[in-house]
file start_14.pdb (PDB, C-alpha atoms, pLDDT in the B column)
MODEL        1
ATOM      1  CA  MET A 165     173.959 -27.309 206.589  1.00 39.00           C
ATOM      2  CA  GLN A 166     175.806 -30.087 208.350  1.00 45.00           C
ATOM      3  CA  MET A 167     173.235 -32.863 208.488  1.00 51.00           C
ATOM      4  CA  ALA A 168     173.803 -34.875 211.653  1.00 46.00           C
ATOM      5  CA  VAL A 169     173.095 -38.176 209.975  1.00 48.00           C
ATOM      6  CA  ASN A 170     174.723 -41.016 211.852  1.00 47.00           C
ATOM      7  CA  ASN A 171     173.910 -44.570 212.748  1.00 52.00           C
ATOM      8  CA  GLY A 172     173.295 -43.768 216.412  1.00 75.00           C
ATOM      9  CA  VAL A 173     169.889 -42.179 215.820  1.00 87.00           C
ATOM     10  CA  SER A 174     166.843 -44.038 217.146  1.00 93.00           C
ATOM     11  CA  LEU A 175     163.301 -42.793 216.493  1.00 97.00           C
ATOM     12  CA  ARG A 176     160.428 -43.892 218.760  1.00 97.00           C
ATOM     13  CA  GLY A 177     156.688 -43.489 218.380  1.00 96.00           C
ATOM     14  CA  SER A 178     153.555 -45.118 219.817  1.00 95.00           C
ATOM     15  CA  PHE A 179     153.544 -48.087 217.426  1.00 97.00           C
ATOM     16  CA  VAL A 180     157.139 -48.487 216.242  1.00 97.00           C
ATOM     17  CA  VAL A 181     160.719 -47.762 217.101  1.00 97.00           C
ATOM     18  CA  LEU A 182     163.266 -47.306 214.344  1.00 97.00           C
ATOM     19  CA  GLU A 183     166.551 -48.575 215.714  1.00 96.00           C
ATOM     20  CA  PRO A 184     170.003 -48.561 214.108  1.00 95.00           C
ATOM     21  CA  LEU A 185     170.411 -51.683 211.978  1.00 96.00           C
ATOM     22  CA  VAL A 186     173.012 -54.110 213.356  1.00 95.00           C
ATOM     23  CA  ASN A 187     174.033 -57.690 212.590  1.00 95.00           C
ATOM     24  CA  SER A 188     172.012 -59.013 215.518  1.00 96.00           C
ATOM     25  CA  HIS A 189     168.863 -58.112 213.558  1.00 97.00           C
ATOM     26  CA  ILE A 190     169.630 -60.640 210.798  1.00 97.00           C
ATOM     27  CA  ASN A 191     167.693 -63.614 212.167  1.00 97.00           C
ATOM     28  CA  ALA A 192     164.651 -61.496 213.028  1.00 98.00           C
ATOM     29  CA  LEU A 193     164.686 -59.997 209.536  1.00 98.00           C
ATOM     30  CA  LYS A 194     164.890 -63.463 207.996  1.00 97.00           C
ATOM     31  CA  GLU A 195     161.712 -64.344 209.873  1.00 97.00           C
ATOM     32  CA  ALA A 196     160.036 -61.067 208.896  1.00 97.00           C
ATOM     33  CA  VAL A 197     160.750 -61.434 205.183  1.00 96.00           C
ATOM     34  CA  THR A 198     159.424 -65.003 205.236  1.00 96.00           C
ATOM     35  CA  ASP A 199     156.045 -63.606 206.335  1.00 95.00           C
ATOM     36  CA  GLY A 200     154.596 -63.171 202.855  1.00 92.00           C
ATOM     37  CA  GLU A 201     157.721 -64.388 201.006  1.00 93.00           C
ATOM     38  CA  LEU A 202     158.347 -60.804 199.973  1.00 88.00           C
ATOM     39  CA  TRP A 203     161.418 -61.600 197.868  1.00 91.00           C
ATOM     40  CA  GLN A 204     159.123 -63.386 195.402  1.00 90.00           C
ATOM     41  CA  LEU A 205     157.655 -60.056 194.262  1.00 83.00           C
ATOM     42  CA  TRP A 206     159.493 -59.472 190.987  1.00 79.00           C
ATOM     43  CA  TYR A 207     159.062 -55.685 191.135  1.00 80.00           C
ATOM     44  CA  ALA A 208     160.328 -55.299 194.716  1.00 82.00           C
ATOM     45  CA  SER A 209     163.992 -55.230 195.757  1.00 85.00           C
ATOM     46  CA  VAL A 210     163.595 -57.352 198.882  1.00 92.00           C
ATOM     47  CA  PRO A 211     166.248 -59.841 200.042  1.00 95.00           C
ATOM     48  CA  SER A 212     165.518 -63.533 200.485  1.00 95.00           C
ATOM     49  CA  PRO A 213     166.390 -65.166 203.826  1.00 96.00           C
ATOM     50  CA  ASP A 214     169.616 -66.511 202.283  1.00 96.00           C
ATOM     51  CA  GLU A 215     170.573 -63.005 201.147  1.00 96.00           C
ATOM     52  CA  MET A 216     169.756 -61.278 204.428  1.00 97.00           C
ATOM     53  CA  ALA A 217     173.219 -61.383 206.026  1.00 97.00           C
ATOM     54  CA  HIS A 218     174.754 -59.768 202.938  1.00 96.00           C
ATOM     55  CA  TYR A 219     171.894 -57.268 202.756  1.00 96.00           C
ATOM     56  CA  VAL A 220     172.411 -56.170 206.367  1.00 96.00           C
ATOM     57  CA  ASP A 221     176.193 -56.049 206.030  1.00 95.00           C
ATOM     58  CA  THR A 222     175.927 -53.877 202.911  1.00 94.00           C
ATOM     59  CA  ALA A 223     173.406 -51.585 204.604  1.00 93.00           C
ATOM     60  CA  ILE A 224     175.616 -51.139 207.671  1.00 92.00           C
ATOM     61  CA  LYS A 225     178.599 -50.284 205.473  1.00 90.00           C
ATOM     62  CA  ALA A 226     176.458 -47.745 203.618  1.00 87.00           C
ATOM     63  CA  SER A 227     175.697 -46.006 206.912  1.00 84.00           C
ATOM     64  CA  ALA A 228     179.343 -44.948 207.060  1.00 78.00           C
ATOM     65  CA  GLY A 229     178.754 -42.979 203.866  1.00 74.00           C
ATOM     66  CA  GLY A 230     175.940 -40.866 205.257  1.00 77.00           C
ATOM     67  CA  ASN A 231     172.987 -43.268 205.055  1.00 86.00           C
ATOM     68  CA  LEU A 232     170.833 -43.718 208.130  1.00 92.00           C
ATOM     69  CA  VAL A 233     169.737 -47.359 208.245  1.00 95.00           C
ATOM     70  CA  PHE A 234     167.011 -48.731 210.510  1.00 96.00           C
ATOM     71  CA  ALA A 235     165.393 -51.946 211.621  1.00 97.00           C
ATOM     72  CA  VAL A 236     161.679 -51.405 212.311  1.00 98.00           C
ATOM     73  CA  ARG A 237     160.385 -52.851 215.585  1.00 98.00           C
ATOM     74  CA  ASP A 238     156.668 -53.281 216.278  1.00 97.00           C
ATOM     75  CA  LEU A 239     156.224 -52.011 219.850  1.00 96.00           C
ATOM     76  CA  LYS A 240     153.096 -54.123 220.414  1.00 94.00           C
ATOM     77  CA  THR A 241     154.757 -57.457 219.619  1.00 96.00           C
ATOM     78  CA  GLN A 242     158.395 -56.353 220.080  1.00 97.00           C
ATOM     79  CA  ASN A 243     159.136 -58.110 216.788  1.00 97.00           C
ATOM     80  CA  ILE A 244     161.373 -56.720 214.058  1.00 98.00           C
ATOM     81  CA  VAL A 245     159.041 -56.382 211.075  1.00 98.00           C
ATOM     82  CA  GLY A 246     161.209 -54.770 208.387  1.00 97.00           C
ATOM     83  CA  THR A 247     163.742 -52.134 207.435  1.00 97.00           C
ATOM     84  CA  THR A 248     163.908 -48.578 206.099  1.00 96.00           C
ATOM     85  CA  ARG A 249     166.611 -45.977 205.552  1.00 95.00           C
ATOM     86  CA  PHE A 250     167.730 -42.548 204.424  1.00 95.00           C
ATOM     87  CA  TYR A 251     170.082 -42.827 201.458  1.00 94.00           C
ATOM     88  CA  ASN A 252     171.690 -40.652 198.778  1.00 93.00           C
ATOM     89  CA  VAL A 253     171.836 -37.898 201.377  1.00 92.00           C
ATOM     90  CA  GLU A 254     173.048 -34.600 199.918  1.00 92.00           C
ATOM     91  CA  PRO A 255     173.889 -32.219 202.795  1.00 91.00           C
ATOM     92  CA  ALA A 256     174.881 -29.430 200.401  1.00 92.00           C
ATOM     93  CA  HIS A 257     171.379 -29.460 198.923  1.00 95.00           C
ATOM     94  CA  LYS A 258     169.528 -30.349 202.157  1.00 94.00           C
ATOM     95  CA  ARG A 259     167.789 -33.364 200.650  1.00 95.00           C
ATOM     96  CA  GLY A 260     167.854 -37.152 200.593  1.00 95.00           C
ATOM     97  CA  LEU A 261     165.767 -40.226 199.840  1.00 97.00           C
ATOM     98  CA  ILE A 262     163.734 -42.535 202.056  1.00 97.00           C
ATOM     99  CA  GLY A 263     163.650 -46.078 200.744  1.00 95.00           C
ATOM    100  CA  TYR A 264     164.807 -49.691 201.015  1.00 94.00           C
ATOM    101  CA  THR A 265     161.554 -50.055 202.940  1.00 94.00           C
ATOM    102  CA  TRP A 266     159.857 -53.411 203.317  1.00 95.00           C
ATOM    103  CA  TYR A 267     157.637 -54.971 205.974  1.00 95.00           C
ATOM    104  CA  ALA A 268     156.422 -58.422 206.910  1.00 96.00           C
ATOM    105  CA  GLN A 269     153.036 -59.059 205.348  1.00 94.00           C
ATOM    106  CA  SER A 270     151.357 -59.053 208.776  1.00 94.00           C
ATOM    107  CA  ALA A 271     152.622 -55.511 209.384  1.00 94.00           C
ATOM    108  CA  GLN A 272     151.297 -54.148 206.097  1.00 91.00           C
ATOM    109  CA  GLY A 273     148.110 -52.089 206.296  1.00 86.00           C
ATOM    110  CA  THR A 274     148.719 -51.312 209.960  1.00 91.00           C
ATOM    111  CA  ALA A 275     150.028 -48.159 211.667  1.00 94.00           C
ATOM    112  CA  ILE A 276     153.602 -49.379 211.151  1.00 95.00           C
ATOM    113  CA  ASN A 277     154.423 -47.664 207.862  1.00 92.00           C
ATOM    114  CA  THR A 278     152.418 -44.522 208.635  1.00 94.00           C
ATOM    115  CA  GLU A 279     154.241 -43.912 211.892  1.00 97.00           C
ATOM    116  CA  ALA A 280     157.645 -44.948 210.536  1.00 97.00           C
ATOM    117  CA  LYS A 281     157.343 -42.409 207.707  1.00 96.00           C
ATOM    118  CA  TYR A 282     156.050 -39.793 210.150  1.00 97.00           C
ATOM    119  CA  LEU A 283     159.055 -40.273 212.435  1.00 98.00           C
ATOM    120  CA  LEU A 284     161.506 -40.214 209.525  1.00 97.00           C
ATOM    121  CA  MET A 285     160.094 -37.025 208.038  1.00 97.00           C
ATOM    122  CA  GLN A 286     159.752 -35.309 211.395  1.00 97.00           C
ATOM    123  CA  TYR A 287     163.440 -35.985 211.989  1.00 96.00           C
ATOM    124  CA  TRP A 288     164.323 -34.890 208.455  1.00 96.00           C
ATOM    125  CA  PHE A 289     162.390 -31.639 208.282  1.00 97.00           C
ATOM    126  CA  GLU A 290     162.472 -30.567 211.919  1.00 97.00           C
ATOM    127  CA  ALA A 291     165.759 -31.840 213.352  1.00 94.00           C
ATOM    128  CA  GLN A 292     167.730 -31.685 210.103  1.00 94.00           C
ATOM    129  CA  GLN A 293     166.007 -28.672 208.527  1.00 95.00           C
ATOM    130  CA  ALA A 294     165.994 -30.383 205.140  1.00 96.00           C
ATOM    131  CA  ASN A 295     164.512 -28.863 201.991  1.00 97.00           C
ATOM    132  CA  ALA A 296     163.083 -32.046 200.517  1.00 97.00           C
ATOM    133  CA  VAL A 297     162.709 -35.789 200.870  1.00 98.00           C
ATOM    134  CA  GLU A 298     162.367 -38.080 197.873  1.00 97.00           C
ATOM    135  CA  PHE A 299     160.775 -41.497 197.392  1.00 97.00           C
ATOM    136  CA  ARG A 300     161.334 -43.867 194.479  1.00 96.00           C
ATOM    137  CA  THR A 301     159.579 -47.075 193.528  1.00 95.00           C
ATOM    138  CA  HIS A 302     159.037 -49.465 190.623  1.00 94.00           C
ATOM    139  CA  PHE A 303     156.404 -48.320 188.133  1.00 95.00           C
ATOM    140  CA  TYR A 304     154.567 -51.624 188.593  1.00 93.00           C
ATOM    141  CA  ASN A 305     154.690 -51.602 192.397  1.00 91.00           C
ATOM    142  CA  GLU A 306     151.143 -50.311 192.785  1.00 92.00           C
ATOM    143  CA  ALA A 307     151.028 -50.969 196.544  1.00 87.00           C
ATOM    144  CA  SER A 308     154.165 -48.929 197.111  1.00 89.00           C
ATOM    145  CA  ARG A 309     152.942 -46.112 194.876  1.00 93.00           C
ATOM    146  CA  ARG A 310     149.632 -45.898 196.718  1.00 92.00           C
ATOM    147  CA  ALA A 311     151.402 -45.915 200.090  1.00 89.00           C
ATOM    148  CA  ILE A 312     153.712 -43.085 199.018  1.00 93.00           C
ATOM    149  CA  GLU A 313     150.812 -41.064 197.635  1.00 94.00           C
ATOM    150  CA  ARG A 314     148.843 -41.541 200.886  1.00 90.00           C
ATOM    151  CA  LEU A 315     151.706 -39.831 202.695  1.00 91.00           C
ATOM    152  CA  GLY A 316     151.016 -36.696 200.682  1.00 92.00           C
ATOM    153  CA  ALA A 317     153.982 -37.005 198.326  1.00 96.00           C
ATOM    154  CA  LYS A 318     153.663 -35.587 194.824  1.00 97.00           C
ATOM    155  CA  GLN A 319     154.907 -37.347 191.706  1.00 97.00           C
ATOM    156  CA  ASP A 320     157.866 -35.595 190.109  1.00 97.00           C
ATOM    157  CA  GLY A 321     158.189 -37.889 187.112  1.00 97.00           C
ATOM    158  CA  ILE A 322     159.313 -41.283 185.818  1.00 97.00           C
ATOM    159  CA  LEU A 323     162.909 -42.319 185.158  1.00 96.00           C
ATOM    160  CA  ARG A 324     162.489 -44.638 182.184  1.00 96.00           C
ATOM    161  CA  SER A 325     164.780 -47.687 181.814  1.00 97.00           C
ATOM    162  CA  HIS A 326     166.352 -46.591 185.074  1.00 95.00           C
ATOM    163  CA  GLN A 327     167.671 -49.852 186.540  1.00 93.00           C
ATOM    164  CA  ILE A 328     168.358 -53.447 185.564  1.00 92.00           C
ATOM    165  CA  LEU A 329     166.910 -55.792 188.175  1.00 87.00           C
ATOM    166  CA  LYS A 330     168.224 -59.150 189.389  1.00 83.00           C
ATOM    167  CA  ASP A 331     165.987 -61.032 186.965  1.00 85.00           C
ATOM    168  CA  GLY A 332     167.273 -58.960 184.043  1.00 88.00           C
ATOM    169  CA  SER A 333     164.102 -56.916 183.631  1.00 92.00           C
ATOM    170  CA  ILE A 334     164.423 -53.158 183.263  1.00 94.00           C
ATOM    171  CA  ARG A 335     162.784 -50.941 185.872  1.00 93.00           C
ATOM    172  CA  ASP A 336     161.015 -47.674 185.191  1.00 96.00           C
ATOM    173  CA  THR A 337     161.296 -45.723 188.458  1.00 96.00           C
ATOM    174  CA  VAL A 338     158.536 -43.404 189.671  1.00 97.00           C
ATOM    175  CA  VAL A 339     159.908 -40.430 191.626  1.00 98.00           C
ATOM    176  CA  TYR A 340     157.932 -38.644 194.351  1.00 98.00           C
ATOM    177  CA  SER A 341     158.877 -35.900 196.784  1.00 98.00           C
ATOM    178  CA  ILE A 342     157.702 -33.848 199.736  1.00 98.00           C
ATOM    179  CA  ILE A 343     159.253 -30.405 200.220  1.00 98.00           C
ATOM    180  CA  ALA A 344     159.701 -28.443 203.426  1.00 98.00           C
ATOM    181  CA  SER A 345     156.810 -26.055 202.792  1.00 98.00           C
ATOM    182  CA  GLU A 346     154.462 -29.063 202.439  1.00 98.00           C
ATOM    183  CA  TRP A 347     155.587 -30.731 205.664  1.00 98.00           C
ATOM    184  CA  PRO A 348     153.152 -28.935 208.053  1.00 98.00           C
ATOM    185  CA  ALA A 349     150.120 -30.160 206.071  1.00 97.00           C
ATOM    186  CA  VAL A 350     151.619 -33.629 205.571  1.00 97.00           C
ATOM    187  CA  LYS A 351     152.379 -33.774 209.306  1.00 97.00           C
ATOM    188  CA  ASN A 352     148.792 -32.870 210.224  1.00 97.00           C
ATOM    189  CA  ASN A 353     147.465 -35.524 207.867  1.00 95.00           C
ATOM    190  CA  LEU A 354     149.730 -38.238 209.273  1.00 96.00           C
ATOM    191  CA  GLN A 355     148.910 -37.245 212.857  1.00 97.00           C
ATOM    192  CA  ALA A 356     145.203 -37.588 212.046  1.00 96.00           C
ATOM    193  CA  LYS A 357     145.773 -41.032 210.540  1.00 94.00           C
ATOM    194  CA  LEU A 358     147.751 -42.130 213.607  1.00 96.00           C
ATOM    195  CA  ALA A 359     145.006 -40.823 215.910  1.00 95.00           C
ATOM    196  CA  LYS A 360     142.524 -43.106 214.109  1.00 94.00           C
ATOM    197  CA  PHE A 361     144.866 -46.076 214.586  1.00 92.00           C
ATOM    198  CA  ARG A 362     145.099 -45.264 218.310  1.00 89.00           C
ATOM    199  CA  THR A 363     141.309 -45.021 218.614  1.00 87.00           C
ATOM    200  CA  ALA A 364     140.902 -48.350 216.838  1.00 82.00           C
ATOM    201  CA  ALA A 365     143.465 -49.928 219.179  1.00 75.00           C
ATOM    202  CA  ASN A 366     141.758 -48.490 222.294  1.00 73.00           C
ATOM    203  CA  PRO A 367     138.042 -48.182 221.440  1.00 65.00           C
ATOM    204  CA  GLY A 368     137.024 -47.694 225.071  1.00 59.00           C
ATOM    205  CA  ALA A 369     139.575 -45.027 225.852  1.00 49.00           C
TER
ENDMDL
END
call {"tool": "encode", "arguments": {"input": "start_14.pdb", "output": "structure tokens"}}
result
Amino acid sequence: MQMAVNNGVSLRGSFVVLEPLVNSHINALKEAVTDGELWQLWYASVPSPDEMAHYVDTAIKASAGGNLVFAVRDLKTQNIVGTTRFYNVEPAHKRGLIGYTWYAQSAQGTAINTEAKYLLMQYWFEAQQANAVEFRTHFYNEASRRAIERLGAKQDGILRSHQILKDGSIRDTVVYSIIASEWPAVKNNLQAKLAKFRTAANPGA
């Protein structure tokens, strides 16, 4: 399979649009990451405002190697509220990871992440005909683990002493995945969740 992963892909839903990450997003991302001071979370790999330009530049360069890197725009406010990406894409094995995902605190607990993940996986399994998508997170990042599990992903295992973080602590990484045969059920579940968000947003409709 020749996975058509390139940085020109844009994915649009009812609540968000995932648009190719470019340098013009830097200032908006600085503002987004300040909402909740996300870089202060020791278990999360989130850039500080001062690190954002380097973070974006590195992400854009990674897109040349097969990653698909997005800025996440809230369609209601038109604000950039975070980032996400496909990385470690393996066309020969029809699989890759979704990660480097973070959102402004005000966007957390909304339809943003649900629809972003829905759009990413729909693209991955339907347009790219992938076999599997993988998610990884810090063992102690309970919020991230719960969010991944709510998607319908199953835990594959834990990579112990997997990474050394900026503060010198050692990260145990929890690995989850969704495989192609599970996508129809996962898709139905996410569509139902998004329908509830739409009803809540338009109670009189």
call {"tool": "resolve_selection", "arguments": {"input": "start_14.pdb", "expression": "the PyMOL selection byres ((chain A and resi 280) around 8)", "output": "MDAnalysis selection string"}}
result
chainID A and resid 180:182 236 276:279 281:284
call {"tool": "atom_distance", "arguments": {"input": "start_14.pdb", "atom1": "atom CA of A:Val338", "atom2": "atom CA of A:Val233"}}
result
22.0 Å
call {"tool": "closest_residue", "arguments": {"input": "start_14.pdb", "among": "A:Leu261, A:Ala365, A:Leu354, A:Ala235", "to": "A:Ala223", "atoms": "only C-alpha atoms"}}
result
A:Ala235
call {"tool": "atom_distance", "arguments": {"input": "start_14.pdb", "atom1": "atom CA of A:Gln269", "atom2": "atom CA of A:Glu195"}}
result
11.1 Å
call {"tool": "closest_residue", "arguments": {"input": "start_14.pdb", "among": "A:Arg176, A:Lys194, A:His257, A:Lys351", "to": "A:Asp238", "atoms": "all atoms listed in the file"}}
result
A:Arg176
call {"tool": "resolve_selection", "arguments": {"input": "start_14.pdb", "expression": "the PyMOL selection byres ((chain A and resi 206-222) around 9)", "output": "number ranges by chain"}}
result
A: 185-187, 189-191, 193-195, 197-198, 201-205, 223-227, 264-266, 301-305, 329-331, 335
call {"tool": "atom_distance", "arguments": {"input": "start_14.pdb", "atom1": "atom CA of A:Ala349", "atom2": "atom CA of A:Met285"}}
result
12.3 Å
call {"tool": "resolve_selection", "arguments": {"input": "start_14.pdb", "expression": "the PyMOL selection byres ((chain A and resi 317-325) around 7)", "output": "short mmCIF file (atom, residue, chain, number, x, y, z; two decimals) with C-alpha atoms, in the frame of the given file"}}
result
data_model
loop_
_atom_site.label_atom_id
_atom_site.label_comp_id
_atom_site.auth_asym_id
_atom_site.auth_seq_id
_atom_site.Cartn_x
_atom_site.Cartn_y
_atom_site.Cartn_z
CA ILE A 312 153.71 -43.08 199.02
CA GLU A 313 150.81 -41.06 197.64
CA LEU A 315 151.71 -39.83 202.70
CA GLY A 316 151.02 -36.70 200.68
CA HIS A 326 166.35 -46.59 185.07
CA GLN A 327 167.67 -49.85 186.54
CA ILE A 334 164.42 -53.16 183.26
CA ARG A 335 162.78 -50.94 185.87
CA ASP A 336 161.01 -47.67 185.19
CA THR A 337 161.30 -45.72 188.46
CA VAL A 338 158.54 -43.40 189.67
CA VAL A 339 159.91 -40.43 191.63
CA TYR A 340 157.93 -38.64 194.35
CA SER A 341 158.88 -35.90 196.78
CA ILE A 342 157.70 -33.85 199.74
#
call {"tool": "closest_residue", "arguments": {"input": "start_14.pdb", "among": "A:Ala228, A:Thr247, A:Val173, A:Ala275", "to": "A:Ala364", "atoms": "all atoms listed in the file"}}
result
A:Ala275
call {"tool": "closest_residue", "arguments": {"input": "start_14.pdb", "among": "A:Asn252, A:Ser308, A:Ser174, A:Ser270", "to": "A:Tyr287", "atoms": "all atoms listed in the file"}}
result
A:Ser174
call {"tool": "axis_aligned_box", "arguments": {"input": "start_14.pdb", "around": "stretch 291-309 of chain A", "padding_each_side": "5 Å", "output": "JSON"}}
result
{"center_x": 159.4, "center_y": -40.1, "center_z": 200.7, "size_x": 26.7, "size_y": 33.0, "size_z": 35.2}
call {"tool": "closest_residue", "arguments": {"input": "start_14.pdb", "among": "A:Arg309, A:Gly172, A:Leu232, A:Ile244", "to": "A:Ser188", "atoms": "all atoms listed in the file"}}
result
A:Ile244
call {"tool": "closest_residue", "arguments": {"input": "start_14.pdb", "among": "A:Pro255, A:Ala307, A:Ala271, A:Gly263", "to": "A:Thr241", "atoms": "all atoms listed in the file"}}
result
A:Ala271
call {"tool": "build_atoms", "arguments": {"input": "start_14.pdb", "residues": "stretch 237-250 of chain A", "atoms": "N, CA and C atoms", "output": "mmCIF file, keeping the file's coordinate frame"}}
result
data_model
loop_
_atom_site.group_PDB
_atom_site.id
_atom_site.type_symbol
_atom_site.label_atom_id
_atom_site.label_comp_id
_atom_site.auth_asym_id
_atom_site.auth_seq_id
_atom_site.Cartn_x
_atom_site.Cartn_y
_atom_site.Cartn_z
ATOM 1 N N ARG A 237 160.905 -51.967 214.540
ATOM 2 C CA ARG A 237 160.385 -52.851 215.585
ATOM 3 C C ARG A 237 158.944 -52.474 215.921
ATOM 4 N N ASP A 238 158.056 -53.453 215.875
ATOM 5 C CA ASP A 238 156.668 -53.281 216.278
ATOM 6 C C ASP A 238 156.631 -53.251 217.810
ATOM 7 N N LEU A 239 156.198 -52.134 218.393
ATOM 8 C CA LEU A 239 156.224 -52.011 219.850
ATOM 9 C C LEU A 239 155.180 -52.898 220.525
ATOM 10 N N LYS A 240 154.129 -53.261 219.813
ATOM 11 C CA LYS A 240 153.096 -54.123 220.414
ATOM 12 C C LYS A 240 153.615 -55.548 220.594
ATOM 13 N N THR A 241 154.275 -56.074 219.564
ATOM 14 C CA THR A 241 154.757 -57.457 219.619
ATOM 15 C C THR A 241 156.229 -57.553 219.989
ATOM 16 N N GLN A 242 156.941 -56.418 219.891
ATOM 17 C CA GLN A 242 158.395 -56.353 220.080
ATOM 18 C C GLN A 242 159.164 -57.093 218.987
ATOM 19 N N ASN A 243 158.480 -57.434 217.899
ATOM 20 C CA ASN A 243 159.136 -58.110 216.788
ATOM 21 C C ASN A 243 159.720 -57.113 215.795
ATOM 22 N N ILE A 244 160.843 -57.475 215.189
ATOM 23 C CA ILE A 244 161.373 -56.720 214.058
ATOM 24 C C ILE A 244 160.537 -57.095 212.841
ATOM 25 N N VAL A 245 159.972 -56.095 212.167
ATOM 26 C CA VAL A 245 159.041 -56.382 211.075
ATOM 27 C C VAL A 245 159.524 -55.864 209.719
ATOM 28 N N GLY A 246 160.716 -55.243 209.665
ATOM 29 C CA GLY A 246 161.209 -54.770 208.387
ATOM 30 C C GLY A 246 162.350 -53.791 208.529
ATOM 31 N N THR A 247 162.657 -53.110 207.439
ATOM 32 C CA THR A 247 163.742 -52.134 207.435
ATOM 33 C C THR A 247 163.323 -50.893 206.655
ATOM 34 N N THR A 248 164.050 -49.802 206.881
ATOM 35 C CA THR A 248 163.908 -48.578 206.099
ATOM 36 C C THR A 248 165.176 -47.769 206.279
ATOM 37 N N ARG A 249 165.388 -46.773 205.411
ATOM 38 C CA ARG A 249 166.611 -45.977 205.552
ATOM 39 C C ARG A 249 166.533 -44.656 204.798
ATOM 40 N N PHE A 250 167.391 -43.722 205.223
ATOM 41 C CA PHE A 250 167.730 -42.548 204.424
ATOM 42 C C PHE A 250 168.942 -42.940 203.575
#
